[in-house]
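The file model_32.cif contains mmCIF, C-alpha atoms:
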data_upload
loop_
_atom_site.label_atom_id
_atom_site.label_comp_id
_atom_site.auth_asym_id
_atom_site.auth_seq_id
_atom_site.Cartn_x
_atom_site.Cartn_y
_atom_site.Cartn_z
CA MET A 1 40.64 14.82 0.28
CA THR A 2 37.16 14.59 1.68
CA THR A 3 36.04 12.75 4.75
CA GLN A 4 33.02 10.55 4.19
CA PRO A 5 30.89 9.10 6.94
CA VAL A 6 30.41 5.95 4.86
CA SER A 7 33.16 4.91 2.54
CA GLY A 8 32.31 3.16 -0.68
CA ALA A 9 33.09 2.87 -4.36
CA ALA A 10 34.00 6.07 -6.16
CA LEU A 11 31.16 8.35 -7.23
CA ASN A 12 30.97 10.06 -10.58
CA PRO A 13 32.22 13.67 -10.38
CA ARG A 14 28.74 15.19 -10.38
CA LEU A 15 27.44 13.01 -7.54
CA GLN A 16 30.71 13.49 -5.69
CA GLU A 17 30.28 17.25 -5.90
CA ILE A 18 26.78 16.98 -4.45
CA ALA A 19 28.07 14.74 -1.65
CA ASP A 20 30.90 17.19 -0.98
CA ASP A 21 28.45 20.10 -0.82
CA PHE A 22 26.38 18.31 1.80
CA ASN A 23 29.34 17.20 3.87
CA ALA A 24 30.93 20.65 3.86
CA MET A 25 27.90 22.11 5.62
CA PRO A 26 26.87 22.17 9.24
CA ASP A 27 23.93 19.85 9.96
CA ARG A 28 21.31 22.58 10.05
CA ASP A 29 22.12 23.75 6.54
CA ARG A 30 22.02 20.28 5.01
CA LEU A 31 18.26 20.08 5.25
CA GLN A 32 18.04 23.51 3.64
CA LEU A 33 20.22 22.30 0.77
CA LEU A 34 18.00 19.27 0.32
CA LEU A 35 14.99 21.60 0.28
CA GLU A 36 16.65 23.82 -2.35
CA LEU A 37 17.44 20.80 -4.48
CA SER A 38 13.85 19.62 -4.19
CA ARG A 39 12.77 22.87 -5.81
CA GLU A 40 15.07 22.27 -8.75
CA LEU A 41 13.55 18.94 -9.73
CA PRO A 42 12.45 19.43 -13.36
CA ALA A 43 8.76 19.02 -14.14
CA LEU A 44 7.72 16.06 -16.25
CA PRO A 45 7.80 16.63 -20.00
CA GLU A 46 4.39 16.48 -21.68
CA ARG A 47 4.80 12.97 -22.98
CA TYR A 48 4.88 11.75 -19.40
CA ALA A 49 2.72 14.39 -17.77
CA ASP A 50 -0.14 13.26 -20.01
CA HIS A 51 0.68 9.56 -19.61
CA ARG A 52 1.50 8.91 -16.02
CA ASP A 53 0.77 5.22 -16.57
CA LEU A 54 4.16 5.06 -18.31
CA LEU A 55 5.90 5.85 -15.03
CA GLU A 56 7.10 3.21 -12.60
CA PRO A 57 5.92 3.57 -8.99
CA VAL A 58 8.50 3.35 -6.22
CA PRO A 59 6.54 2.05 -3.23
CA GLU A 60 9.63 1.97 -1.01
CA CYS A 61 9.31 5.73 -0.78
CA GLN A 62 6.74 6.43 1.89
CA THR A 63 5.37 9.15 -0.34
CA PRO A 64 4.28 8.29 -3.87
CA LEU A 65 7.13 8.70 -6.30
CA PHE A 66 7.11 7.76 -9.96
CA LEU A 67 10.01 7.56 -12.33
CA ALA A 68 10.78 6.86 -15.95
CA VAL A 69 14.10 5.96 -17.51
CA GLU A 70 15.03 6.35 -21.16
CA VAL A 71 18.23 4.97 -22.67
CA GLU A 72 19.00 6.79 -25.91
CA PRO A 73 20.60 5.00 -28.87
CA ASP A 74 24.04 6.35 -27.92
CA SER A 75 23.46 4.92 -24.41
CA THR A 76 22.78 8.28 -22.75
CA VAL A 77 20.40 7.88 -19.80
CA ARG A 78 17.49 10.29 -19.30
CA LEU A 79 15.65 10.32 -15.98
CA PHE A 80 12.18 11.62 -15.22
CA PHE A 81 10.60 11.90 -11.79
CA ASP A 82 7.21 12.81 -10.44
CA ALA A 83 6.48 13.42 -6.77
CA PRO A 84 3.99 15.72 -5.09
CA GLN A 85 5.01 19.18 -3.89
CA GLU A 86 4.04 18.23 -0.35
CA ALA A 87 6.77 15.57 -0.34
CA PRO A 88 9.89 17.75 -0.44
CA THR A 89 12.21 15.06 0.92
CA THR A 90 11.24 12.60 -1.77
CA ARG A 91 11.56 15.36 -4.37
CA GLY A 92 14.95 16.23 -2.94
CA PHE A 93 16.13 12.62 -3.27
CA ALA A 94 14.90 12.54 -6.86
CA ALA A 95 16.62 15.85 -7.56
CA ILE A 96 19.93 14.48 -6.28
CA LEU A 97 19.66 11.51 -8.62
CA HIS A 98 18.63 13.75 -11.49
CA ALA A 99 21.45 16.21 -10.93
CA GLY A 100 23.96 13.42 -10.44
CA LEU A 101 22.98 10.93 -13.13
CA ASP A 102 20.78 12.41 -15.87
CA GLY A 103 22.62 12.59 -19.18
CA LEU A 104 25.38 10.19 -18.22
CA PRO A 105 26.25 7.07 -20.23
CA ALA A 106 24.40 3.97 -19.04
CA ASP A 107 27.58 2.29 -17.78
CA GLU A 108 28.35 5.20 -15.50
CA VAL A 109 24.86 5.17 -14.02
CA LEU A 110 25.11 1.42 -13.48
CA ALA A 111 28.44 1.92 -11.72
CA THR A 112 26.87 4.13 -9.06
CA PRO A 113 27.37 2.30 -5.76
CA ALA A 114 24.09 1.35 -4.11
CA GLU A 115 25.40 2.62 -0.79
CA PHE A 116 26.09 6.14 -2.04
CA THR A 117 23.04 7.43 -0.13
CA GLY A 118 25.13 6.95 2.99
CA GLN A 119 27.77 9.35 1.70
CA LEU A 120 25.61 12.47 1.76
CA GLY A 121 25.89 13.16 5.48
CA LEU A 122 22.13 12.87 5.89
CA GLN A 123 21.72 9.72 7.99
CA ASP A 124 21.28 11.50 11.31
CA LEU A 125 19.13 14.27 9.87
CA VAL A 126 16.88 12.30 7.59
CA SER A 127 17.16 8.77 9.06
CA PRO A 128 18.42 5.62 7.34
CA LEU A 129 14.84 4.41 6.88
CA ARG A 130 13.93 7.43 4.78
CA LEU A 131 17.18 7.20 2.84
CA ARG A 132 16.15 3.72 1.76
CA GLY A 133 13.65 5.39 -0.53
CA MET A 134 16.49 6.97 -2.50
CA ALA A 135 18.38 3.66 -2.67
CA ALA A 136 15.21 2.05 -4.04
CA MET A 137 14.94 4.73 -6.75
CA LEU A 138 18.51 4.01 -7.80
CA ALA A 139 17.90 0.26 -7.84
CA ARG A 140 14.89 0.71 -10.09
CA ILE A 141 16.74 3.06 -12.40
CA LYS A 142 19.48 0.48 -12.82
CA ARG A 143 17.02 -2.32 -13.41
CA GLN A 144 15.21 -0.30 -16.09
CA ILE A 145 18.50 0.45 -17.83
CA ARG A 146 19.40 -3.24 -17.88
CA ASP A 147 15.92 -4.17 -19.11
CA GLN A 148 16.04 -1.64 -21.90
CA ARG A 149 19.47 -2.72 -23.05
CA GLY A 150 18.24 -6.30 -23.11
CA MET B 1 -1.63 24.93 33.71
CA ALA B 2 -3.70 23.33 30.99
CA LEU B 3 -5.44 25.57 28.51
CA ALA B 4 -9.22 25.44 28.18
CA TYR B 5 -10.57 22.60 26.14
CA ASP B 6 -12.04 23.12 22.71
CA SER B 7 -15.81 23.06 23.02
CA ALA B 8 -16.44 22.33 19.32
CA ALA B 9 -19.73 20.45 19.02
CA LYS B 10 -18.31 17.49 17.11
CA PHE B 11 -15.80 16.81 19.87
CA GLY B 12 -18.51 16.70 22.53
CA ASP B 13 -19.50 13.25 21.28
CA TYR B 14 -16.00 11.83 21.69
CA ALA B 15 -15.09 10.02 24.88
CA HIS B 16 -12.12 12.34 25.53
CA PRO B 17 -12.76 15.70 23.88
CA GLU B 18 -9.87 17.12 25.88
CA ARG B 19 -7.50 15.29 23.50
CA ILE B 20 -8.44 17.15 20.35
CA VAL B 21 -8.69 20.75 19.14
CA THR B 22 -9.79 22.45 15.94
CA THR B 23 -7.63 24.60 13.70
CA GLU B 24 -9.77 27.54 14.85
CA TRP B 25 -8.86 26.82 18.46
CA VAL B 26 -5.17 26.70 17.62
CA ALA B 27 -5.36 29.94 15.64
CA ALA B 28 -7.09 31.64 18.58
CA HIS B 29 -4.63 30.37 21.21
CA LEU B 30 -1.31 30.56 19.33
CA ASP B 31 0.07 33.27 21.58
CA ASP B 32 -1.21 31.84 24.85
CA PRO B 33 1.45 31.10 27.43
CA GLY B 34 1.51 27.44 28.36
CA LEU B 35 0.89 26.24 24.80
CA VAL B 36 3.41 24.62 22.50
CA VAL B 37 2.35 23.54 19.02
CA ALA B 38 4.53 20.88 17.39
CA GLU B 39 4.50 19.59 13.82
CA SER B 40 5.31 15.94 13.22
CA ASP B 41 5.43 14.74 9.62
CA GLU B 42 6.32 11.80 7.51
CA ASP B 43 8.35 14.12 5.32
CA VAL B 44 11.27 15.48 7.29
CA LEU B 45 11.43 18.68 5.19
CA LEU B 46 7.79 19.66 5.19
CA TYR B 47 8.13 21.72 8.36
CA GLU B 48 10.91 23.72 6.71
CA THR B 49 8.63 24.65 3.80
CA GLY B 50 6.32 26.45 6.23
CA HIS B 51 4.48 25.58 9.44
CA VAL B 52 1.95 26.95 11.91
CA PRO B 53 3.57 30.15 13.19
CA GLY B 54 5.52 29.45 16.35
CA ALA B 55 5.29 25.67 15.99
CA VAL B 56 8.36 23.57 16.75
CA LYS B 57 9.33 20.46 14.81
CA LEU B 58 9.19 17.00 16.35
CA ASP B 59 10.58 14.28 14.14
CA TRP B 60 9.80 10.69 14.91
CA HIS B 61 12.71 9.14 13.03
CA THR B 62 15.47 11.33 14.33
CA GLU B 63 14.16 12.48 17.72
CA LEU B 64 11.68 10.05 19.30
CA ASN B 65 13.62 6.89 18.44
CA ASP B 66 16.67 5.60 20.19
CA PRO B 67 19.37 5.84 17.52
CA VAL B 68 20.82 2.40 18.27
CA THR B 69 18.32 0.05 19.89
CA ARG B 70 14.96 -0.42 18.20
CA ASP B 71 13.09 1.42 20.92
CA TYR B 72 12.02 4.90 21.91
CA VAL B 73 14.14 7.33 23.81
CA ASP B 74 14.33 6.73 27.54
CA GLY B 75 13.12 9.02 30.29
CA ALA B 76 16.25 11.14 30.29
CA GLY B 77 16.24 11.39 26.50
CA PHE B 78 12.60 12.40 26.45
CA ALA B 79 13.19 15.02 29.13
CA ARG B 80 16.07 16.48 27.09
CA LEU B 81 13.95 16.51 23.95
CA MET B 82 10.98 18.20 25.60
CA SER B 83 13.24 20.69 27.32
CA SER B 84 14.87 21.63 24.00
CA LYS B 85 11.45 22.31 22.48
CA GLY B 86 10.38 24.57 25.33
CA ILE B 87 7.90 22.03 26.67
CA THR B 88 7.44 21.66 30.43
CA ARG B 89 5.43 18.95 32.16
CA ASP B 90 2.62 21.53 32.51
CA THR B 91 2.63 22.59 28.87
CA THR B 92 -0.44 22.01 26.75
CA LEU B 93 1.16 20.28 23.78
CA VAL B 94 -0.79 20.32 20.53
CA LEU B 95 0.50 18.05 17.78
CA TYR B 96 -0.37 18.18 14.12
CA GLY B 97 1.13 16.89 10.90
CA ASP B 98 0.74 15.60 7.36
CA LYS B 99 -1.13 12.53 6.15
CA ASN B 100 -4.26 12.75 8.32
CA ASN B 101 -2.09 13.34 11.39
CA TRP B 102 -0.53 9.90 10.97
CA TRP B 103 2.85 10.86 12.42
CA ALA B 104 1.39 13.38 14.82
CA ALA B 105 -0.69 10.56 16.33
CA TYR B 106 2.50 8.52 16.62
CA ALA B 107 4.25 11.35 18.42
CA LEU B 108 1.22 11.72 20.69
CA TRP B 109 1.34 8.02 21.51
CA VAL B 110 5.04 8.25 22.40
CA CYS B 111 4.38 11.30 24.57
CA SER B 112 1.67 9.21 26.25
CA LEU B 113 4.23 6.50 27.08
CA PHE B 114 5.83 9.16 29.25
CA GLY B 115 2.46 10.25 30.59
CA HIS B 116 2.68 13.84 29.37
CA PRO B 117 -0.48 15.12 31.03
CA ASP B 118 -1.95 17.43 28.41
CA VAL B 119 -1.26 16.41 24.83
CA ARG B 120 -3.79 16.96 22.04
CA LEU B 121 -4.12 16.55 18.30
CA MET B 122 -5.18 19.33 15.95
CA ASP B 123 -8.06 17.78 14.00
CA GLY B 124 -7.37 17.79 10.26
CA GLY B 125 -3.68 18.47 10.75
CA ARG B 126 -1.49 20.36 8.36
CA ALA B 127 -3.74 19.81 5.34
CA LYS B 128 -6.75 21.47 6.96
CA TRP B 129 -4.73 24.39 8.28
CA ILE B 130 -3.45 25.07 4.76
CA ALA B 131 -6.81 24.42 3.06
CA GLU B 132 -8.33 27.09 5.26
CA GLY B 133 -5.74 29.60 4.11
CA ARG B 134 -4.25 30.04 7.55
CA PRO B 135 -0.80 31.58 7.85
CA LEU B 136 2.41 29.58 7.54
CA SER B 137 5.83 30.61 8.74
CA THR B 138 9.34 29.51 7.89
CA ASP B 139 10.77 31.05 11.06
CA THR B 140 12.12 28.34 13.31
CA PRO B 141 11.51 29.10 16.99
CA LYS B 142 14.57 28.78 19.21
CA PRO B 143 13.05 28.14 22.61
CA ASP B 144 15.13 28.54 25.74
CA PRO B 145 15.60 25.17 27.41
CA VAL B 146 13.09 24.58 30.18
CA GLU B 147 12.81 22.08 33.01
CA TYR B 148 11.23 18.76 32.11
CA PRO B 149 11.41 16.02 34.72
CA VAL B 150 12.87 12.60 33.94
CA VAL B 151 9.81 10.34 33.87
CA GLU B 152 10.26 6.62 33.30
CA ARG B 153 8.54 5.34 30.19
CA ASP B 154 5.48 3.22 30.98
CA ASP B 155 5.42 0.34 28.48
CA GLN B 156 2.74 -1.58 30.36
CA HIS B 157 -0.54 0.00 29.46
CA ILE B 158 -0.62 1.25 25.88
CA ARG B 159 2.28 -0.67 24.34
CA ALA B 160 2.40 -4.37 23.45
CA PHE B 161 5.46 -6.53 22.78
CA LYS B 162 5.68 -9.67 20.66
CA ASP B 163 5.38 -12.16 23.54
CA GLN B 164 2.31 -10.35 24.78
CA VAL B 165 0.78 -10.48 21.32
CA LEU B 166 1.45 -14.23 21.17
CA ALA B 167 -0.39 -14.58 24.48
CA HIS B 168 -3.16 -12.38 23.10
CA LEU B 169 -3.93 -14.60 20.08
CA GLY B 170 -7.66 -15.24 19.89
CA GLN B 171 -8.51 -11.89 21.44
CA PRO B 172 -9.44 -8.72 19.54
CA MET B 173 -6.76 -7.42 17.23
CA ILE B 174 -6.86 -4.86 14.42
CA ASP B 175 -4.44 -4.83 11.49
CA VAL B 176 -4.49 -1.29 10.12
CA ARG B 177 -2.31 -1.84 7.03
CA SER B 178 -3.53 -1.79 3.45
CA PRO B 179 -5.54 -4.78 2.18
CA GLY B 180 -2.57 -5.98 0.11
CA GLU B 181 -0.27 -6.00 3.12
CA TYR B 182 -2.93 -7.75 5.19
CA SER B 183 -3.49 -10.57 2.71
CA GLY B 184 0.23 -11.02 2.14
CA GLU B 185 0.21 -10.44 -1.61
CA LEU B 186 2.40 -7.36 -1.37
CA LEU B 187 5.46 -9.51 -0.68
CA HIS B 188 4.98 -11.31 -3.94
CA MET B 189 5.63 -8.64 -6.49
CA PRO B 190 8.34 -10.09 -8.73
CA ASP B 191 11.71 -8.39 -9.14
CA TYR B 192 10.93 -5.56 -6.79
CA PRO B 193 13.20 -4.79 -3.89
CA GLN B 194 10.98 -5.53 -0.91
CA GLU B 195 12.15 -4.46 2.45
CA GLY B 196 10.91 -4.99 5.90
CA ALA B 197 9.57 -8.52 6.26
CA LEU B 198 10.47 -11.99 5.06
CA ARG B 199 6.92 -13.28 5.31
CA GLY B 200 3.64 -11.71 4.28
CA GLY B 201 0.17 -11.95 5.75
CA HIS B 202 -1.29 -11.00 9.09
CA ILE B 203 -1.46 -12.14 12.71
CA PRO B 204 -4.13 -14.87 13.00
CA GLY B 205 -7.43 -13.45 14.16
CA ALA B 206 -6.58 -9.83 13.40
CA LYS B 207 -9.31 -8.00 11.53
CA SER B 208 -8.46 -5.64 8.72
CA VAL B 209 -9.44 -2.00 9.20
CA PRO B 210 -7.05 0.24 7.23
CA TRP B 211 -6.14 3.16 9.47
CA ALA B 212 -7.19 5.95 7.12
CA ARG B 213 -10.80 4.85 7.23
CA ALA B 214 -11.00 6.79 10.50
CA ALA B 215 -10.30 10.01 8.61
CA ALA B 216 -12.71 12.03 6.51
CA GLU B 217 -11.83 13.63 3.16
CA ASP B 218 -10.55 16.77 4.87
CA ALA B 219 -8.20 14.72 7.11
CA THR B 220 -10.33 15.30 10.22
CA PHE B 221 -11.47 12.37 12.30
CA ARG B 222 -14.84 10.92 11.45
CA THR B 223 -17.69 11.52 13.87
CA ARG B 224 -18.18 9.22 16.81
CA ALA B 225 -21.20 7.60 15.12
CA GLU B 226 -19.20 6.93 11.96
CA LEU B 227 -16.28 5.51 13.96
CA GLU B 228 -18.58 3.25 15.95
CA ALA B 229 -20.09 1.96 12.72
CA ILE B 230 -16.60 0.99 11.51
CA TYR B 231 -15.00 -0.42 14.65
CA GLN B 232 -18.03 -1.78 16.48
CA GLY B 233 -20.39 -2.43 13.60
CA GLU B 234 -17.99 -3.84 11.01
CA ALA B 235 -15.06 -5.04 13.08
CA GLY B 236 -17.17 -6.22 16.01
CA LEU B 237 -15.19 -4.58 18.81
CA SER B 238 -16.78 -3.64 22.12
CA PRO B 239 -15.60 -0.81 24.33
CA ASP B 240 -14.46 -3.11 27.13
CA ASP B 241 -12.38 -5.32 24.83
CA ASP B 242 -8.67 -5.73 25.36
CA VAL B 243 -7.49 -4.66 21.88
CA VAL B 244 -4.09 -4.83 20.19
CA VAL B 245 -3.48 -2.75 17.06
CA TYR B 246 -0.52 -3.00 14.69
CA CYS B 247 0.80 -2.01 11.26
CA ARG B 248 4.38 -2.14 9.92
CA ILE B 249 6.32 -0.23 12.54
CA GLY B 250 3.56 1.05 14.78
CA GLU B 251 2.94 4.46 13.22
CA ARG B 252 -0.32 3.99 11.37
CA SER B 253 -1.64 1.94 14.28
CA SER B 254 -0.99 4.87 16.62
CA HIS B 255 -3.67 6.70 14.67
CA THR B 256 -6.11 3.84 15.27
CA TRP B 257 -4.98 3.63 18.90
CA PHE B 258 -5.91 7.32 19.27
CA VAL B 259 -9.33 6.67 17.72
CA LEU B 260 -10.15 3.67 19.90
CA HIS B 261 -8.67 4.98 23.14
CA HIS B 262 -9.39 8.70 23.07
CA LEU B 263 -12.27 9.18 20.66
CA LEU B 264 -14.25 6.02 21.43
CA GLY B 265 -13.00 5.70 25.00
CA TYR B 266 -11.81 2.08 25.03
CA PRO B 267 -9.73 1.78 28.20
CA HIS B 268 -7.63 -1.21 27.09
CA VAL B 269 -5.93 -0.57 23.76
CA ARG B 270 -2.30 -1.37 23.15
CA ASN B 271 -0.18 -0.52 20.13
CA TYR B 272 2.16 -3.31 19.03
CA ASP B 273 4.95 -1.14 17.65
CA GLY B 274 7.11 -4.10 16.65
CA SER B 275 4.30 -4.70 14.19
CA TRP B 276 4.78 -6.52 10.91
CA THR B 277 8.47 -5.71 10.59
CA GLU B 278 8.97 -7.79 13.73
CA TRP B 279 6.23 -10.41 13.32
CA GLY B 280 6.90 -11.08 9.64
CA ASN B 281 10.57 -11.68 10.40
CA SER B 282 10.12 -13.83 13.50
CA VAL B 283 10.79 -17.55 13.47
CA ARG B 284 7.81 -19.86 14.03
CA VAL B 285 5.17 -17.29 14.86
CA PRO B 286 1.76 -18.09 13.32
CA ILE B 287 0.75 -16.19 10.19
CA THR B 288 -2.47 -16.15 8.22
CA ARG B 289 -2.54 -15.45 4.49
CA GLY B 290 -5.48 -14.09 2.58
CA THR B 291 -8.38 -11.79 3.25
CA SER B 292 -9.98 -13.64 6.19
CA PRO B 293 -8.89 -13.05 9.81
#

Final structure tokens representation of the file:
Amino acid sequence: MTTQPVSGAALNPRLQEIADDFNAMPDRDRLQLLLELSRELPALPERYADHRDLLEPVPECQTPLFLAVEVEPDSTVRLFFDAPQEAPTTRGFAAILHAGLDGLPADEVLATPAEFTGQLGLQDLVSPLRLRGMAAMLARIKRQIRDQRG
Amino acid sequence: MALAYDSAAKFGDYAHPERIVTTEWVAAHLDDPGLVVAESDEDVLLYETGHVPGAVKLDWHTELNDPVTRDYVDGAGFARLMSSKGITRDTTLVLYGDKNNWWAAYALWVCSLFGHPDVRLMDGGRAKWIAEGRPLSTDTPKPDPVEYPVVERDDQHIRAFKDQVLAHLGQPMIDVRSPGEYSGELLHMPDYPQEGALRGGHIPGAKSVPWARAAAEDATFRTRAELEAIYQGEAGLSPDDDVVVYCRIGERSSHTWFVLHHLLGYPHVRNYDGSWTEWGNSVRVPITRGTSP
């Protein structure tokens, strides 16, 4: 049984584990965890690194963030993110989505509740305004999945 | 007691050279008693990745804002905040940050609402400090709380509210947002989750001068002559104008406020912090679309 500051629809087990990790920590350590996650964001594969025009910009993030979504024939979702090193918060948000959603079936990604960003225990440390950037990334990921499935 | 001012030649041309210091000055004075250096960034984690040694963190979102009302902290809240950072009323406070000192200028403006006597910006901010290969530290200072008096916030002189802006229509105003936000086209991208404002465009009469034009490539402020060419030459302002500046939430316009008030010496400049997120959501306020004021 975990206590969540914002209740919502159930998260997939991987996202839930990330949320639990954050909520189990004292405030001070949560920013450090976000920083560690930001360092684990995978680099773009060559096919995107050489063709950044294929990435979708997410202007709701105050810092430039770009993402690409691929839905494989078996419906597995692959996520790719690009954000500058000097934007660790944005990278951290992207890393949470990557760790929590990459490789899942499309339906599971689509089932991720939009309000899950409020379940990470970061509102007071990061601010709701900044967290909107992560919600916008998720919204765009979902839209791309729907577009690609037709 | 205030530390000596930075006598860098470029600053001598500015109206208030006592409001700005170079990275060299900061490096030379880091250990001086009476100085606190504070980093204020857009990115809430950037400080944690490494900062000017000894600098404290000052976050606009989580520390300078009231958590409930859309407003800044009050006098007691500001006193608590300053105290917790080791800042007394006599401290020379030097602010710096990312993005051409965008958020550092915002923090400076908020400190000015409380009349903190000696607050300065480090020209070029975080980017210049790093570009020059100066040291960074991940040690977070834990200052002992100090005495900071409760000073009432003064919203009269450098802050403007919506009703005042309505009464100001027809007088000089600068919109510092991007050209797309100014013209209103940015609210018309199809299928994109837009946040912030229901209507796009700008306040009638406001001229467009995107805030970052005041910064050079290396994030330092442009020279006084260059700034005069932009704000007086192109935008037609005069030093004795009563000017209102705005953006989306008042952060980018704090940068322009700093330029007009401290670097060019305009005595009457107010930052409308409600900005477009208030104006573009307000019922029956006038709005102009397109690229003309």

Discussion item. I'd like the interatomic distance between atom CA of Ser84 of chain B and atom CA of Glu36 of chain A, to a tenth of an Å.
Written reply: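 Here the two named atoms are 26.5 Å from each other.
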
With a cut-off of 12 Å and counting only C-alpha atoms, select all residues of chain B in contact with chain A and give the selection as a PDB file with C-alpha atoms, keeping the file's coordinate frame.
ATOM      1  CA  ASP B  41       5.430  14.740   9.620  1.00  0.00           C
ATOM      2  CA  GLU B  42       6.320  11.800   7.510  1.00  0.00           C
ATOM      3  CA  ASP B  43       8.350  14.120   5.320  1.00  0.00           C
ATOM      4  CA  VAL B  44      11.270  15.480   7.290  1.00  0.00           C
ATOM      5  CA  LEU B  45      11.430  18.680   5.190  1.00  0.00           C
ATOM      6  CA  LEU B  46       7.790  19.660   5.190  1.00  0.00           C
ATOM      7  CA  TYR B  47       8.130  21.720   8.360  1.00  0.00           C
ATOM      8  CA  GLU B  48      10.910  23.720   6.710  1.00  0.00           C
ATOM      9  CA  THR B  49       8.630  24.650   3.800  1.00  0.00           C
ATOM     10  CA  GLY B  50       6.320  26.450   6.230  1.00  0.00           C
ATOM     11  CA  ASP B  59      10.580  14.280  14.140  1.00  0.00           C
ATOM     12  CA  TRP B  60       9.800  10.690  14.910  1.00  0.00           C
ATOM     13  CA  HIS B  61      12.710   9.140  13.030  1.00  0.00           C
ATOM     14  CA  THR B  62      15.470  11.330  14.330  1.00  0.00           C
ATOM     15  CA  GLU B  63      14.160  12.480  17.720  1.00  0.00           C
ATOM     16  CA  LEU B  64      11.680  10.050  19.300  1.00  0.00           C
ATOM     17  CA  ASN B  65      13.620   6.890  18.440  1.00  0.00           C
ATOM     18  CA  ASP B  66      16.670   5.600  20.190  1.00  0.00           C
ATOM     19  CA  PRO B  67      19.370   5.840  17.520  1.00  0.00           C
ATOM     20  CA  VAL B  68      20.820   2.400  18.270  1.00  0.00           C
ATOM     21  CA  GLY B  97       1.130  16.890  10.900  1.00  0.00           C
ATOM     22  CA  ASP B  98       0.740  15.600   7.360  1.00  0.00           C
ATOM     23  CA  LYS B  99      -1.130  12.530   6.150  1.00  0.00           C
ATOM     24  CA  ARG B 126      -1.490  20.360   8.360  1.00  0.00           C
ATOM     25  CA  ALA B 127      -3.740  19.810   5.340  1.00  0.00           C
ATOM     26  CA  ILE B 130      -3.450  25.070   4.760  1.00  0.00           C
ATOM     27  CA  THR B 138       9.340  29.510   7.890  1.00  0.00           C
ATOM     28  CA  THR B 140      12.120  28.340  13.310  1.00  0.00           C
ATOM     29  CA  LEU B 186       2.400  -7.360  -1.370  1.00  0.00           C
ATOM     30  CA  LEU B 187       5.460  -9.510  -0.680  1.00  0.00           C
ATOM     31  CA  MET B 189       5.630  -8.640  -6.490  1.00  0.00           C
ATOM     32  CA  ASP B 191      11.710  -8.390  -9.140  1.00  0.00           C
ATOM     33  CA  TYR B 192      10.930  -5.560  -6.790  1.00  0.00           C
ATOM     34  CA  PRO B 193      13.200  -4.790  -3.890  1.00  0.00           C
ATOM     35  CA  GLN B 194      10.980  -5.530  -0.910  1.00  0.00           C
ATOM     36  CA  GLU B 195      12.150  -4.460   2.450  1.00  0.00           C
ATOM     37  CA  GLY B 196      10.910  -4.990   5.900  1.00  0.00           C
ATOM     38  CA  ARG B 248       4.380  -2.140   9.920  1.00  0.00           C
ATOM     39  CA  ILE B 249       6.320  -0.230  12.540  1.00  0.00           C
TER      40      ILE B 249
END

Discussion item. For the PyMOL selection byres ((chain B and resi 208) around 10), applied here, can you spell out every residue it catches as a PyMOL selection string?
Written reply: chain B and resi 173-179+181-183+202+205-207+209-211+234-235+291-293

Worksheet item: Do you know which residues lie at most 10 Å from (10.8, 5.7, -12.0), with coordinates as in the file and all atoms listed in the file counted, and could you write them as a ChimeraX atom specification?
Response: /A:54-58,65-69,79-82,94,136-141,144

Discussion item. Residues within 12 Å of segment 104-116 of chain A, please, as number ranges by chain. Count all atoms listed in the file; anything in the same chain fewer than 5 positions from it doesn't count.
Written reply: A: 4-16, 18-19, 69-79, 93, 96-99, 121-123, 128, 131-149

Discussion item. Applying the PyMOL selection byres ((chain B and resi 231) around 10) to the file I just gave you, which residues come out? Please list them as a list in words.
Written reply: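 With the PyMOL selection byres ((chain B and resi 231) around 10) on this model, the match is Ile174, Lys207, Val209, Ala214, Glu226, Leu227, Glu228, Ala229, Ile230, Gln232, Gly233, Glu234, Ala235, Gly236, Leu237, Ser238, Pro239, Thr256, Val259, Leu260 and Leu264 of chain B.
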
Worksheet item: atom CA of Ile203 of chain B and atom CA of Asp242 of chain B are how many Å apart?
Response: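 Between atom CA of Ile203 of chain B and atom CA of Asp242 of chain B the gap works out to 15.9 Å.
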
Discussion item. Quick check, in Å to one decimal: how far apart do atom CA of Val151 of chain B and atom CA of Thr91 of chain B lie?
Written reply: 15.1 Å

Item to complete: Extract, using all atoms listed in the file, all DNA, RNA and protein residues at most 6 Å from Glu39 of chain B, discarding same-chain residues fewer than 5 positions from it, and format them as a list in words.
Response: Lys57, Leu58, Leu95, Tyr96 and Gly97 of chain B

Under the PyMOL selection byres ((chain B and resi 165) around 10), which residues of this model are included? Write them out as a compact mmCIF listing (two decimals) with C-alpha atoms, in the frame of the given file.
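File part-v4.txt, as written:
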# COMPACT_ATOMS: atom_id res chain seq x y z
CA ALA B 160 2.40 -4.37 23.45
CA PHE B 161 5.46 -6.53 22.78
CA LYS B 162 5.68 -9.67 20.66
CA ASP B 163 5.38 -12.16 23.54
CA GLN B 164 2.31 -10.35 24.78
CA LEU B 166 1.45 -14.23 21.17
CA ALA B 167 -0.39 -14.58 24.48
CA HIS B 168 -3.16 -12.38 23.10
CA LEU B 169 -3.93 -14.60 20.08
CA GLY B 170 -7.66 -15.24 19.89
CA GLN B 171 -8.51 -11.89 21.44
CA MET B 173 -6.76 -7.42 17.23
CA ILE B 203 -1.46 -12.14 12.71
CA VAL B 244 -4.09 -4.83 20.19
CA VAL B 245 -3.48 -2.75 17.06
CA ARG B 270 -2.30 -1.37 23.15
CA TYR B 272 2.16 -3.31 19.03
CA SER B 275 4.30 -4.70 14.19
CA TRP B 279 6.23 -10.41 13.32

Worksheet entry | Nearest residue to Asp273 of chain B from the set B:Lys85, B:Arg19, B:Arg213, B:Arg252 (distances using all atoms listed in the file) | B:Arg252
